[in-house]
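Peer 1: So I've got this file, final.txt, and it contains compact mmCIF, C-alpha atoms and all ligand atoms:
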```
# COMPACT_ATOMS: atom_id res chain seq x y z
CA MET V 1 0.00 0.00 0.00
CA THR V 2 1.08 3.55 -0.65
CA HIS V 3 0.91 5.91 2.33
CA ASP V 4 -2.46 7.22 1.11
CA GLU V 5 -3.85 3.70 0.70
CA LEU V 6 -2.62 2.76 4.15
CA THR V 7 -4.27 5.86 5.64
CA ARG V 8 -7.59 4.94 4.01
CA HIS V 9 -7.19 1.36 5.22
CA LEU V 10 -6.64 2.49 8.82
CA VAL V 11 -9.73 4.68 8.63
CA SER V 12 -11.78 1.80 7.22
CA LEU V 13 -10.78 -0.25 10.29
CA ASP V 14 -11.58 2.58 12.70
CA LEU V 15 -7.90 2.83 13.55
CA PRO V 16 -6.23 6.22 13.99
CA ALA V 17 -5.24 7.66 10.58
CA SER V 18 -2.61 9.70 12.43
CA GLN V 19 -0.62 6.47 12.87
CA ALA V 20 -0.24 5.88 9.11
CA GLY V 21 3.24 7.44 9.09
CA ALA V 22 4.41 5.36 12.05
CA VAL V 23 3.05 2.13 10.55
CA PHE V 24 4.56 2.97 7.16
CA GLY V 25 7.91 3.75 8.77
CA HIS V 26 7.94 0.47 10.69
CA LEU V 27 7.24 -1.51 7.53
CA HIS V 28 9.28 0.38 4.98
CA ARG V 29 12.07 2.26 6.72
CA TRP V 30 13.01 0.09 9.66
CA GLY V 31 11.50 -3.29 8.85
CA ARG V 32 10.24 -3.60 12.45
CA PRO V 33 7.25 -5.62 13.68
CA LEU V 34 3.97 -3.71 13.90
CA LEU V 35 3.66 -4.57 17.58
CA THR V 36 6.35 -2.00 18.25
CA VAL V 37 4.34 0.91 16.76
CA PRO V 38 4.04 3.08 19.90
CA ARG V 39 0.43 4.26 19.72
CA LEU V 40 -1.26 1.10 18.48
CA SER V 41 -2.67 -1.43 20.96
CA ALA V 42 -2.12 -5.15 20.51
CA ARG V 43 -5.79 -5.44 19.48
CA GLN V 44 -5.39 -2.73 16.83
CA VAL V 45 -2.25 -4.37 15.47
CA GLN V 46 -4.10 -7.65 15.29
CA ARG V 47 -6.88 -6.04 13.21
CA LEU V 48 -4.28 -4.62 10.87
CA GLN V 49 -2.55 -7.97 10.51
CA GLU V 50 -5.82 -9.78 9.87
CA THR V 51 -6.69 -7.47 6.99
CA THR V 52 -3.33 -7.32 5.24
CA GLN V 53 -0.66 -9.73 4.17
CA ASP V 54 3.06 -9.55 3.76
CA THR V 55 4.42 -9.99 0.24
CA VAL V 56 6.52 -13.00 -0.62
CA CYS V 57 9.66 -11.96 -2.48
CA GLU V 58 12.63 -13.91 -1.16
CA VAL V 59 16.19 -14.04 -2.36
CA VAL V 60 16.77 -17.63 -3.45
CA THR V 61 20.10 -17.40 -5.22
CA GLU V 62 22.79 -14.87 -5.60
CA ALA V 63 25.91 -14.71 -7.69
CA SER V 64 28.67 -12.20 -7.99
CA ALA V 65 30.92 -11.47 -10.94
CA LEU V 66 33.79 -11.56 -8.50
CA ALA V 67 32.99 -15.08 -7.40
CA GLN V 68 32.58 -16.45 -10.90
CA ASP V 69 35.40 -14.90 -12.78
CA GLY V 70 38.78 -14.19 -11.30
CA VAL V 71 39.55 -11.78 -14.14
CA GLU V 72 36.48 -9.58 -14.19
CA ARG V 73 36.44 -8.06 -10.72
CA ASP V 74 33.54 -5.68 -10.85
CA GLU V 75 31.72 -7.03 -7.76
CA THR V 76 28.34 -6.82 -9.45
CA GLU V 77 25.84 -9.06 -7.66
CA LYS V 78 22.83 -10.76 -9.23
CA LEU V 79 19.89 -11.70 -7.01
CA VAL V 80 17.15 -14.15 -7.97
CA PHE V 81 13.85 -13.57 -6.17
CA ARG V 82 11.12 -16.17 -5.67
CA LEU V 83 7.57 -14.83 -5.62
CA VAL V 84 4.42 -16.13 -3.98
CA ASP V 85 3.40 -18.21 -7.04
CA GLY V 86 6.85 -19.74 -7.37
CA ARG V 87 7.79 -17.53 -10.33
CA ARG V 88 11.16 -15.85 -10.25
CA VAL V 89 12.68 -12.56 -11.32
CA GLU V 90 16.18 -11.16 -11.17
CA GLY V 91 17.76 -7.95 -9.95
CA VAL V 92 21.32 -6.69 -10.05
CA ILE V 93 23.30 -4.70 -7.47
CA ILE V 94 25.99 -2.64 -9.17
CA PRO V 95 28.62 -1.10 -6.87
CA GLU V 96 29.74 2.36 -7.97
CA GLY V 97 32.49 3.77 -5.77
CA GLU V 98 31.13 4.06 -2.25
CA ARG V 99 27.50 3.62 -3.31
CA SER V 100 25.38 1.10 -5.15
CA THR V 101 22.81 1.13 -7.91
CA PHE V 102 20.07 -1.48 -8.04
CA CYS V 103 18.58 -2.65 -11.32
CA VAL V 104 15.02 -3.74 -10.47
CA SER V 105 12.56 -5.93 -12.41
CA SER V 106 8.99 -4.78 -13.05
CA GLN V 107 7.48 -7.85 -14.73
CA VAL V 108 7.96 -11.61 -14.85
CA GLY V 109 9.28 -11.85 -18.41
CA CYS V 110 8.33 -9.19 -20.94
CA ALA V 111 5.92 -8.72 -23.84
CA MET V 112 7.98 -6.25 -25.87
CA ALA V 113 9.94 -8.88 -27.85
CA CYS V 114 13.16 -6.91 -28.43
CA THR V 115 15.32 -9.35 -30.38
CA PHE V 116 18.59 -8.50 -28.61
CA CYS V 117 17.23 -9.21 -25.12
CA ALA V 118 17.15 -12.56 -23.33
CA THR V 119 14.13 -11.60 -21.19
CA ALA V 120 12.05 -11.26 -24.36
CA ARG V 121 12.32 -15.00 -24.93
CA LEU V 122 10.33 -15.68 -21.78
CA GLY V 123 7.30 -13.78 -22.99
CA LEU V 124 5.19 -12.02 -20.37
CA ALA V 125 4.02 -14.19 -17.48
CA ARG V 126 2.58 -11.41 -15.34
CA PRO V 127 3.33 -7.93 -14.00
CA LEU V 128 4.91 -7.57 -10.60
CA THR V 129 2.80 -6.01 -7.88
CA PRO V 130 4.03 -2.72 -6.40
CA ALA V 131 4.97 -4.69 -3.27
CA GLU V 132 7.07 -7.17 -5.25
CA ILE V 133 8.94 -4.32 -6.92
CA VAL V 134 9.51 -2.54 -3.63
CA LYS V 135 10.65 -5.67 -1.81
CA GLN V 136 13.39 -6.30 -4.37
CA VAL V 137 14.69 -2.83 -3.58
CA TYR V 138 14.61 -3.48 0.17
CA HIS V 139 16.62 -6.68 -0.23
CA ALA V 140 19.13 -4.75 -2.32
CA ARG V 141 19.24 -1.92 0.22
CA ASP V 142 19.99 -4.32 3.07
CA ARG V 143 22.76 -6.06 1.14
CA ALA V 144 24.28 -2.85 -0.15
CA GLU V 145 24.33 -1.43 3.38
CA LYS V 146 25.94 -4.58 4.74
CA ALA V 147 28.59 -4.35 2.03
CA GLY V 148 29.34 -0.77 3.11
CA ARG V 149 28.04 0.74 -0.14
CA PRO V 150 24.57 2.18 0.59
CA LEU V 151 21.97 2.16 -2.14
CA ARG V 152 21.92 5.44 -4.06
CA ASN V 153 20.07 4.77 -7.32
CA VAL V 154 17.29 2.50 -8.50
CA VAL V 155 17.04 1.85 -12.23
CA PHE V 156 14.00 0.14 -13.77
CA MET V 157 16.14 -1.73 -16.28
CA GLY V 158 15.70 -5.30 -15.08
CA MET V 159 13.16 -7.75 -16.47
CA GLY V 160 10.10 -6.17 -18.03
CA GLU V 161 8.88 -2.89 -19.48
CA PRO V 162 8.10 -0.66 -16.49
CA LEU V 163 5.52 1.46 -18.31
CA HIS V 164 3.51 -1.53 -19.56
CA HIS V 165 1.70 -1.98 -16.24
CA TYR V 166 2.09 1.65 -15.39
CA GLU V 167 -0.10 1.77 -12.29
CA ASN V 168 2.08 -0.81 -10.54
CA THR V 169 5.25 1.08 -11.36
CA ARG V 170 3.72 4.35 -10.22
CA ALA V 171 2.62 2.88 -6.90
CA ALA V 172 6.09 1.38 -6.36
CA ILE V 173 7.68 4.78 -7.00
CA ASP V 174 5.22 6.41 -4.59
CA ILE V 175 6.25 3.94 -1.89
CA LEU V 176 10.00 4.18 -2.55
CA THR V 177 9.95 7.97 -2.48
CA CYS V 178 7.57 8.33 0.49
CA ARG V 179 9.09 10.47 3.24
CA TRP V 180 7.91 8.02 5.90
CA GLY V 181 9.70 5.15 4.20
CA LEU V 182 12.92 4.77 2.22
CA SER V 183 12.56 8.38 1.07
CA LEU V 184 14.51 7.82 -2.13
CA GLY V 185 14.99 11.02 -4.13
CA PHE V 186 13.01 11.17 -7.39
CA PRO V 187 16.10 11.99 -9.48
CA LYS V 188 17.70 8.81 -8.10
CA ILE V 189 15.13 6.73 -9.99
CA THR V 190 15.55 5.97 -13.69
CA ILE V 191 12.72 4.56 -15.77
CA SER V 192 13.90 2.83 -18.92
CA THR V 193 11.28 2.30 -21.60
CA VAL V 194 11.01 1.04 -25.16
CA GLY V 195 8.85 4.11 -25.73
CA LEU V 196 5.19 3.61 -24.79
CA VAL V 197 4.25 7.11 -25.85
CA PRO V 198 1.03 7.69 -23.84
CA ARG V 199 2.72 6.35 -20.70
CA ILE V 200 5.72 8.65 -21.12
CA ALA V 201 3.26 11.55 -21.12
CA GLN V 202 1.54 10.17 -18.02
CA LEU V 203 4.87 9.70 -16.23
CA GLY V 204 5.78 13.30 -16.99
CA ALA V 205 2.41 14.54 -15.75
CA ASP V 206 2.41 12.41 -12.58
CA PHE V 207 5.96 13.15 -11.46
CA GLY V 208 6.59 16.52 -13.11
CA GLY V 209 9.74 15.36 -14.88
CA ARG V 210 11.53 14.61 -11.63
CA LEU V 211 12.31 11.03 -12.64
CA GLN V 212 15.20 10.28 -14.97
CA LEU V 213 13.84 8.98 -18.27
CA ALA V 214 15.82 6.54 -20.42
CA LEU V 215 14.57 5.65 -23.88
CA SER V 216 15.76 2.42 -25.41
CA LEU V 217 16.49 3.89 -28.87
CA ASN V 218 18.83 1.36 -30.51
CA ALA V 219 18.39 2.53 -34.12
CA GLY V 220 18.34 5.71 -36.16
CA THR V 221 15.82 4.52 -38.74
CA ASP V 222 12.33 3.12 -38.27
CA GLU V 223 13.21 0.24 -40.56
CA THR V 224 16.12 -0.97 -38.43
CA ARG V 225 14.27 -0.33 -35.20
CA ARG V 226 11.26 -2.33 -36.38
CA ARG V 227 13.56 -5.29 -36.99
CA ILE V 228 14.95 -5.32 -33.48
CA MET V 229 12.10 -3.66 -31.56
CA PRO V 230 8.64 -4.62 -32.83
CA ILE V 231 7.02 -1.87 -30.72
CA THR V 232 8.24 0.55 -33.43
CA GLU V 233 5.22 -0.55 -35.52
CA LYS V 234 3.09 1.25 -33.01
CA TRP V 235 5.27 4.23 -32.15
CA ASN V 236 7.86 5.34 -34.67
CA LEU V 237 10.90 7.54 -34.09
CA GLU V 238 8.99 10.72 -34.87
CA SER V 239 6.37 10.02 -32.21
CA LEU V 240 9.09 9.09 -29.72
CA LYS V 241 10.90 12.35 -30.31
CA GLU V 242 7.63 14.23 -29.81
CA ALA V 243 7.07 12.36 -26.52
CA LEU V 244 10.56 13.27 -25.26
CA ARG V 245 10.11 16.87 -26.32
CA ALA V 246 6.91 17.07 -24.31
CA TYR V 247 8.39 15.36 -21.24
CA PRO V 248 9.02 18.06 -18.62
CA THR V 249 12.79 17.74 -18.24
CA ARG V 250 14.31 19.79 -15.46
CA ARG V 251 17.11 22.27 -16.05
CA ASN V 252 20.51 20.68 -16.59
CA ARG V 253 18.92 17.24 -16.96
CA PHE V 254 19.26 15.04 -20.03
CA HIS V 255 17.23 12.19 -21.43
CA LEU V 256 19.24 9.04 -21.68
CA LEU V 257 19.02 7.39 -25.09
CA GLU V 258 20.22 3.82 -24.76
CA TYR V 259 21.85 2.38 -27.83
CA VAL V 260 22.73 -1.31 -27.76
CA VAL V 261 25.55 -1.69 -30.28
CA LEU V 262 24.79 -4.52 -32.72
CA PRO V 263 27.53 -4.73 -35.36
CA GLY V 264 26.18 -4.96 -38.89
CA VAL V 265 22.68 -4.02 -37.70
CA ASN V 266 22.59 -0.50 -36.29
CA ASP V 267 26.11 0.86 -36.84
CA ASP V 268 25.86 2.03 -40.47
CA ASP V 269 25.90 5.68 -41.58
CA GLU V 270 22.16 5.79 -42.20
CA ASN V 271 21.38 4.75 -38.62
CA LEU V 272 23.98 7.06 -37.11
CA ASP V 273 22.68 9.98 -39.23
CA GLY V 274 19.22 9.11 -37.94
CA VAL V 275 20.44 9.16 -34.34
CA ALA V 276 21.99 12.58 -34.91
CA ALA V 277 18.72 13.83 -36.40
CA PHE V 278 16.76 12.35 -33.48
CA THR V 279 18.88 14.11 -30.87
CA ARG V 280 18.84 17.49 -32.60
CA GLY V 281 17.02 19.97 -30.36
CA LEU V 282 16.66 17.44 -27.51
CA PRO V 283 18.52 17.56 -24.18
CA ALA V 284 19.82 14.03 -24.64
CA VAL V 285 22.87 11.83 -24.19
CA VAL V 286 23.27 8.67 -26.24
CA ASN V 287 24.55 5.88 -24.02
CA LEU V 288 26.30 3.18 -26.06
CA ILE V 289 25.83 -0.31 -24.60
CA PRO V 290 27.97 -3.09 -26.05
CA TRP V 291 25.51 -5.90 -26.77
CA ASN V 292 25.90 -8.71 -24.24
CA PRO V 293 25.67 -12.14 -25.86
CA PHE V 294 23.37 -14.96 -24.77
CA ALA V 295 22.86 -18.44 -26.17
CA GLY V 296 21.04 -18.66 -29.51
CA ALA V 297 20.95 -14.93 -30.21
CA PRO V 298 21.46 -13.93 -33.87
CA PHE V 299 23.99 -11.15 -33.19
CA GLN V 300 27.71 -10.71 -32.75
CA PRO V 301 28.98 -8.78 -29.73
CA PRO V 302 30.94 -5.67 -30.69
CA THR V 303 34.64 -5.37 -29.96
CA PHE V 304 35.92 -2.52 -27.83
CA GLU V 305 37.17 -0.95 -31.09
CA ASP V 306 33.70 -1.23 -32.71
CA VAL V 307 32.16 0.71 -29.84
CA GLY V 308 34.98 3.27 -29.95
CA ARG V 309 34.40 3.85 -33.64
CA ILE V 310 30.66 4.45 -33.18
CA PHE V 311 31.46 6.78 -30.31
CA ASP V 312 33.74 8.82 -32.60
CA ARG V 313 31.28 8.82 -35.49
CA LEU V 314 28.43 10.04 -33.32
CA ARG V 315 30.62 12.70 -31.73
CA ALA V 316 31.61 13.85 -35.23
CA ARG V 317 27.86 14.28 -35.91
CA GLY V 318 27.52 16.56 -32.88
CA VAL V 319 25.85 13.96 -30.62
CA HIS V 320 26.48 13.89 -26.85
CA VAL V 321 27.58 10.32 -26.31
CA SER V 322 28.85 8.07 -23.51
CA VAL V 323 29.69 4.37 -23.19
CA ARG V 324 28.32 2.01 -20.58
CA LEU V 325 30.94 -0.45 -19.42
CA PRO V 326 29.72 -4.04 -19.35
CA ARG V 327 29.07 -5.14 -15.77
CA GLY V 328 28.20 -8.55 -14.43
CA ARG V 329 28.75 -10.51 -17.64
CA PRO V 330 30.22 -13.63 -15.99
CA MET V 331 26.93 -14.45 -14.25
CA SER V 332 24.66 -13.15 -17.01
CA ALA V 333 23.69 -10.05 -15.09
CA ALA V 334 24.60 -7.54 -17.78
CA CYS V 335 22.06 -5.50 -19.79
CA GLY V 336 19.71 -7.71 -21.78
CA GLN V 337 20.88 -10.94 -20.18
CA LEU V 338 18.35 -11.36 -17.38
CA ALA V 339 16.52 -14.52 -18.31
CA LEU V 340 16.66 -16.97 -15.43
CA GLN V 341 19.16 -19.43 -16.75
CA THR V 342 18.78 -22.56 -14.69
CA SER V 343 16.41 -25.19 -15.99
CA ALA V 344 14.49 -25.18 -12.70
CA MET V 345 13.77 -21.51 -13.20
CA GLU V 346 12.87 -21.88 -16.86
CA ALA V 347 10.34 -24.52 -15.86
CA GLN V 348 8.34 -21.70 -14.29
CA PHE V 349 7.50 -20.43 -17.75
S1 LIG W 1 14.83 -4.87 -23.67
FE1 LIG W 1 13.41 -4.41 -21.99
S2 LIG W 1 11.48 -3.99 -23.06
FE2 LIG W 1 12.78 -5.08 -24.56
S3 LIG W 1 12.23 -7.26 -24.28
FE3 LIG W 1 13.98 -6.82 -22.93
S4 LIG W 1 13.07 -6.36 -20.92
FE4 LIG W 1 11.46 -6.17 -22.48
```
Let me see whether you can do it: turn the structure in this file into structure tokens.
Ligand code: SF4
Peer 2:
Amino acid sequence: MTHDELTRHLVSLDLPASQAGAVFGHLHRWGRPLLTVPRLSARQVQRLQETTQDTVCEVVTEASALAQDGVERDETEKLVFRLVDGRRVEGVIIPEGERSTFCVSSQVGCAMACTFCATARLGLARPLTPAEIVKQVYHARDRAEKAGRPLRNVVFMGMGEPLHHYENTRAAIDILTCRWGLSLGFPKITISTVGLVPRIAQLGADFGGRLQLALSLNAGTDETRRRIMPITEKWNLESLKEALRAYPTRRNRFHLLEYVVLPGVNDDDENLDGVAAFTRGLPAVVNLIPWNPFAGAPFQPPTFEDVGRIFDRLRARGVHVSVRLPRGRPMSAACGQLALQTSAMEAQF
């Protein structure tokens, strides 16, 4: 429940609405039992417990890049969560200096069918509830704190398209940013989307542009993008650019345009010219992501030199561009690789 929902729930039970903040804090900030809420009697706590239930979202396996590969020492940690119906999703803790970023999942599988992404192969099983999204973050927070690198950022870049079941994502953001709870800053949250145009507008209206928006661009022509991202049939590059233009970006903030580098697919002059045209007049940074391979995928991963060349060619076209270093590859925790690899997990789908 969001704070507002909890308040209404307390009122419906004839419990004091003034205790909503204390109850919310016990559940979301401190993880303490409700019996320790100071101004609630044991009887009142019992009524609350009888009318609510805790969400099942347990860590069942974990793997770190450090543990699996003596060469790649990036200390990225992948967590697998088991949900109440036995389904599983993955999240990734990425240490960055003295802090951590958590890549959270929003759906079990995904319906968007991007051809370069392992999650797409699972199809969509179901959306995650707001509670399941939030609980992943709390697990990550606890681990990051224990590791001495407190959680700083949450990125919706795990399994699923976060704007597909928008209401769930919005409720999760409400809970994560609530001042009685974790109180995460809005700019610390990044929503990565394939470009569901009406939902981008809603996100902008609901949060006033305070959230960081990342668009999974990946091509400079509609033709190429259609091949790798079927959603382009519905919303082409022109409509995406319009949506970004209308999104209320704050001063000194940039849209992130993610560009998964697929050699021989989206690295030709026509696509790069298209990217340059797309960014013209937009406060945007193109973030190059070397494609991370997974079994059976019809692409070749780029070399370091391939990515460097695209970087230079985009810069020469006047595009603001950066490169995302691959993290977590040894345990398939890098971008586009979250797909629940063990056979036991695949059996869930
Ligand atoms: S890239 Fe994102 S939106 Fe596309 S299939 Fe994968 S999880 Fe879904």
Peer 1: Which residues are close to Gln212 of chain V, i.e. within 9 Å by only C-alpha atoms, leaving aside same-chain residues fewer than 4 positions away? Reply as an NGL selection string.
Peer 2: :V and (186-192 or 249 or 253-256)
Peer 1: With all atoms listed in the file as the counted atoms, please give the residues lying no more than 10 Å from Asp174 of chain V, apart from itself and same-chain residues fewer than 6 positions off, as a ChimeraX atom specification.
Peer 2: /V:1-4,130,134,168,181,183-184,186,207
Peer 1: Fewer than 2 positions away in the same chain doesn't count, so skip those; otherwise give me all residues within 10 Å of Pro198 of chain V, counting all atoms listed in the file, as a PyMOL selection string.
Peer 2: chain V and resi 163+195-196+200-203+235+243
Peer 1: Keeping only C-alpha atoms, write those residues as a PDB file, keeping the file's coordinate frame.
Peer 2:
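Writing the result to again.pdb gives the following:
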```pdb
ATOM      1  CA  LEU V 163       5.520   1.460 -18.310  1.00  0.00           C
ATOM      2  CA  GLY V 195       8.850   4.110 -25.730  1.00  0.00           C
ATOM      3  CA  LEU V 196       5.190   3.610 -24.790  1.00  0.00           C
ATOM      4  CA  ILE V 200       5.720   8.650 -21.120  1.00  0.00           C
ATOM      5  CA  ALA V 201       3.260  11.550 -21.120  1.00  0.00           C
ATOM      6  CA  GLN V 202       1.540  10.170 -18.020  1.00  0.00           C
ATOM      7  CA  LEU V 203       4.870   9.700 -16.230  1.00  0.00           C
ATOM      8  CA  TRP V 235       5.270   4.230 -32.150  1.00  0.00           C
ATOM      9  CA  ALA V 243       7.070  12.360 -26.520  1.00  0.00           C
TER      10      ALA V 243
END
```
Peer 1: For ligand LIG 1 (chain W), list the contacting residues at 7 Å or closer, counting all atoms listed in the file, as a PyMOL selection string.
Peer 2: chain V and resi 110-114+117-120+157-161+193-194+336
Peer 1: Could you jot down the atom CA of Thr61 of chain V to atom CA of Glu132 of chain V separation for me, Å, one decimal place?
Peer 2: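 Those two atoms sit 16.6 Å apart.
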Peer 1: Please list as a ChimeraX atom specification every residue within 6 Å of Lys78 of chain V, counting all atoms listed in the file and excluding residues in the same chain fewer than 4 positions away.
Peer 2: /V:62-63,91-92,333
Peer 1: Have a look at V:Thr115, V:Val285, V:Lys146, V:Thr169 and name the one nearest to Val265 of chain V; count all atoms listed in the file.
Peer 2: V:Thr115
Peer 1: Let me make sure I understand: among V:Arg99, V:Arg309, V:Arg170, V:Lys234, which one has the smallest atom-to-atom distance to Ala205 of chain V if we use only C-alpha atoms?
Peer 2: V:Arg170
Peer 1: Using Å and a single decimal, report how far atom CA of Leu27 of chain V sits from atom CA of Ala144 of chain V.
Peer 2: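 Interatomic distance, atom CA of Ala144 of chain V to atom CA of Leu27 of chain V: 18.7 Å.
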Peer 1: Please, which residues are within 12 Å of (24.7, -5.5, -5.5) by the file's coordinates, counting all atoms listed in the file, and could they come as a JSON list (two decimals) with C-alpha atoms, in the coordinates of the input?
Peer 2:
```json
[["chain", "number", "residue", "atom", "x", "y", "z"],
["V", 62, "GLU", "CA", 22.79, -14.87, -5.60],
["V", 63, "ALA", "CA", 25.91, -14.71, -7.69],
["V", 64, "SER", "CA", 28.67, -12.20, -7.99],
["V", 65, "ALA", "CA", 30.92, -11.47, -10.94],
["V", 66, "LEU", "CA", 33.79, -11.56, -8.50],
["V", 74, "ASP", "CA", 33.54, -5.68, -10.85],
["V", 75, "GLU", "CA", 31.72, -7.03, -7.76],
["V", 76, "THR", "CA", 28.34, -6.82, -9.45],
["V", 77, "GLU", "CA", 25.84, -9.06, -7.66],
["V", 78, "LYS", "CA", 22.83, -10.76, -9.23],
["V", 79, "LEU", "CA", 19.89, -11.70, -7.01],
["V", 80, "VAL", "CA", 17.15, -14.15, -7.97],
["V", 90, "GLU", "CA", 16.18, -11.16, -11.17],
["V", 91, "GLY", "CA", 17.76, -7.95, -9.95],
["V", 92, "VAL", "CA", 21.32, -6.69, -10.05],
["V", 93, "ILE", "CA", 23.30, -4.70, -7.47],
["V", 94, "ILE", "CA", 25.99, -2.64, -9.17],
["V", 95, "PRO", "CA", 28.62, -1.10, -6.87],
["V", 96, "GLU", "CA", 29.74, 2.36, -7.97],
["V", 98, "GLU", "CA", 31.13, 4.06, -2.25],
["V", 99, "ARG", "CA", 27.50, 3.62, -3.31],
["V", 100, "SER", "CA", 25.38, 1.10, -5.15],
["V", 101, "THR", "CA", 22.81, 1.13, -7.91],
["V", 102, "PHE", "CA", 20.07, -1.48, -8.04],
["V", 103, "CYS", "CA", 18.58, -2.65, -11.32],
["V", 104, "VAL", "CA", 15.02, -3.74, -10.47],
["V", 136, "GLN", "CA", 13.39, -6.30, -4.37],
["V", 137, "VAL", "CA", 14.69, -2.83, -3.58],
["V", 138, "TYR", "CA", 14.61, -3.48, 0.17],
["V", 139, "HIS", "CA", 16.62, -6.68, -0.23],
["V", 140, "ALA", "CA", 19.13, -4.75, -2.32],
["V", 141, "ARG", "CA", 19.24, -1.92, 0.22],
["V", 142, "ASP", "CA", 19.99, -4.32, 3.07],
["V", 143, "ARG", "CA", 22.76, -6.06, 1.14],
["V", 144, "ALA", "CA", 24.28, -2.85, -0.15],
["V", 145, "GLU", "CA", 24.33, -1.43, 3.38],
["V", 146, "LYS", "CA", 25.94, -4.58, 4.74],
["V", 147, "ALA", "CA", 28.59, -4.35, 2.03],
["V", 148, "GLY", "CA", 29.34, -0.77, 3.11],
["V", 149, "ARG", "CA", 28.04, 0.74, -0.14],
["V", 150, "PRO", "CA", 24.57, 2.18, 0.59],
["V", 151, "LEU", "CA", 21.97, 2.16, -2.14],
["V", 152, "ARG", "CA", 21.92, 5.44, -4.06],
["V", 153, "ASN", "CA", 20.07, 4.77, -7.32],
["V", 154, "VAL", "CA", 17.29, 2.50, -8.50],
["V", 327, "ARG", "CA", 29.07, -5.14, -15.77],
["V", 328, "GLY", "CA", 28.20, -8.55, -14.43],
["V", 333, "ALA", "CA", 23.69, -10.05, -15.09]]
```
Peer 1: Nearest to Pro326 of chain V among V:Leu40, V:Arg280, V:Val260, V:Asp267, with distances taken over all atoms listed in the file: which residue is it?
Peer 2: V:Val260
Peer 1: Please measure the separation of atom CA of Ser12 of chain V and atom CA of Leu83 of chain V, giving the value in Å to one decimal.
Peer 2: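 Answer for the atom CA of Ser12 of chain V to atom CA of Leu83 of chain V separation: 28.6 Å.
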Peer 1: Within 9 Å of Val37 of chain V, counting only C-alpha atoms, which residues show up once you throw out same-chain ones fewer than 6 positions away? Write them as a PyMOL selection string, please.
Peer 2: chain V and resi 19+22-23+26+45
Peer 1: What would segment 123-133 of chain V look like with N, CA, C and O atoms restored, written as a short mmCIF file (atom, residue, chain, number, x, y, z; two decimals), in the frame of the given file?
Peer 2:
```cif
data_model
loop_
_atom_site.label_atom_id
_atom_site.label_comp_id
_atom_site.auth_asym_id
_atom_site.auth_seq_id
_atom_site.Cartn_x
_atom_site.Cartn_y
_atom_site.Cartn_z
N GLY V 123 8.66 -14.29 -22.86
CA GLY V 123 7.30 -13.78 -22.99
C GLY V 123 6.88 -13.13 -21.68
O GLY V 123 7.67 -13.10 -20.72
N LEU V 124 5.66 -12.64 -21.62
CA LEU V 124 5.19 -12.02 -20.37
C LEU V 124 4.37 -13.03 -19.58
O LEU V 124 3.38 -13.55 -20.07
N ALA V 125 4.81 -13.32 -18.36
CA ALA V 125 4.02 -14.19 -17.48
C ALA V 125 3.01 -13.36 -16.70
O ALA V 125 1.83 -13.67 -16.68
N ARG V 126 3.49 -12.31 -16.07
CA ARG V 126 2.58 -11.41 -15.34
C ARG V 126 3.35 -10.17 -14.89
O ARG V 126 4.59 -10.20 -14.82
N PRO V 127 2.63 -9.09 -14.58
CA PRO V 127 3.33 -7.93 -14.00
C PRO V 127 3.69 -8.21 -12.56
O PRO V 127 3.09 -9.08 -11.92
N LEU V 128 4.64 -7.51 -12.03
CA LEU V 128 4.91 -7.57 -10.60
C LEU V 128 4.00 -6.58 -9.89
O LEU V 128 3.68 -5.52 -10.43
N THR V 129 3.60 -6.94 -8.68
CA THR V 129 2.80 -6.01 -7.88
C THR V 129 3.74 -4.91 -7.39
O THR V 129 4.97 -5.09 -7.35
N PRO V 130 3.17 -3.76 -6.98
CA PRO V 130 4.03 -2.72 -6.40
C PRO V 130 4.87 -3.28 -5.24
O PRO V 130 6.05 -2.96 -5.11
N ALA V 131 4.25 -4.14 -4.43
CA ALA V 131 4.97 -4.69 -3.27
C ALA V 131 6.15 -5.55 -3.71
O ALA V 131 7.22 -5.54 -3.09
N GLU V 132 5.98 -6.32 -4.78
CA GLU V 132 7.07 -7.17 -5.25
C GLU V 132 8.22 -6.33 -5.80
O GLU V 132 9.39 -6.69 -5.66
N ILE V 133 7.88 -5.22 -6.42
CA ILE V 133 8.94 -4.32 -6.92
C ILE V 133 9.70 -3.72 -5.74
O ILE V 133 10.92 -3.73 -5.66
#
```
